[in-house]
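Structure record follows, encoded as structure tokens.
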Amino acid sequence: MAKIELIEFTITGEQQIHCAGCEQRISNALRRLPGVQDVRASAQSQHVAARIDASQVSADQVRAKLEQLGYQVAPSAS
């Protein structure tokens with residue numbers, strides 16, 4: 001059974017989301033993970049939000065993918 005959650009991260013390191021291309025790169029990479037349903041990345045706010053099926057993918061796996069892309073992340077305060 002699907003367990004839908006919204007997870008949010010803030011980009012904190014030197015490598016930032018600079019443009020629409022960066023936003024698209026993040027979205028495409030995260031959507032390849034099983035269970036990721038929707039991704040929004042913002043160059044303006046340095047914020048990444050993903051709607052996930054927590055029965056298929058964890059927030060830690062999403063964080064690991066962002067780090068693999070070269071971004072340092074922190075959980076966003078909700």
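The way I read the labels, and the way they are meant: chains A, B, ... in the order of the structure tokens, residue 1 as the first residue of every chain, and ligand 1 as the first ligand shown, with later ones counted on from there.
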Inset, instruction - Give the strand (DSSP E) residues of chain A, as assigned by DSSP on the backbone, as a list of chain:residue names. - result: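 Residues of chain A classed as strand (DSSP E): A:Ile4, A:Glu5, A:Leu6, A:Ile7, A:Glu8, A:Phe9, A:Thr10, A:Ile11, A:Val36, A:Gln37, A:Asp38, A:Val39, A:Arg40, A:Ala41, A:Ser42, A:His47, A:Val48, A:Ala49, A:Ala50, A:Arg51, A:Ile52, A:Asp53, A:Val73, A:Ala74, A:Pro75.
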Inset, instruction - May I have the residues within 12 Å of Asp38 of chain A as number ranges by chain, using only C-alpha atoms and disregarding those fewer than 4 positions away in the same chain? - result: A: 4-8, 26-34, 48-53
Legend entry - alpha helix (DSSP H) per DSSP on the backbone: members of segment 4-62 of chain A, as a PyMOL selection string: chain A and resi 20-31+59-62
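Proximity of A:Val73, A:Val36, A:Ala43, A:Cys22 to Ser55 of chain A, computed with only C-alpha atoms, is greatest for A:Val36.
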Inset, instruction - Identify which of the residues A:Ala64, A:Ala74, A:Ala59, A:Ala54 lies closest to Lys3 of chain A, counting only C-alpha atoms when measuring atom-to-atom distances. - result: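 Of the candidates, the smallest distance to Lys3 of chain A is held by A:Ala54.
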Legend entry - Minimum-distance residue to Met1 of chain A, chosen among A:Gln56, A:Gln24, A:Gln46, A:Gln15 (using only C-alpha atoms):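 Smallest separation from Met1 of chain A among the options: A:Gln56.
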Inset, instruction - Determine the nearest neighbour of Ser45 of chain A from the options A:Gln68, A:Glu23, A:Ala2, A:Val62, counting only C-alpha atoms. - result: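 Residue with the minimum atom-to-atom distance to Ser45 of chain A: A:Glu23.
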Inset, instruction - Could you tell me how far atom CA of Gly70 of chain A lies from atom CA of Ser42 of chain A, in Å and to one decimal? - result: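 Straight-line distance from atom CA of Gly70 of chain A to atom CA of Ser42 of chain A works out to 15.9 Å.
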Legend entry - Atom-to-atom span, atom CA of Asp60 of chain A and atom CA of Ala20 of chain A, Å: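 Atom CA of Asp60 of chain A sits 24.6 Å away from atom CA of Ala20 of chain A.
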Inset, instruction - Can you work out which one of A:Gly35, A:Val57, A:Arg63, A:His47 has the shortest atom-to-atom distance to Gln16 of chain A, counting only C-alpha atoms? - result: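 Among the listed residues, A:His47 lies closest to Gln16 of chain A.
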Legend entry - Atomic distance atom CA of His18 of chain A - atom CA of Pro75 of chain A, expressed in Å with one decimal: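 Distance reported for this atom pair: 19.5 Å.
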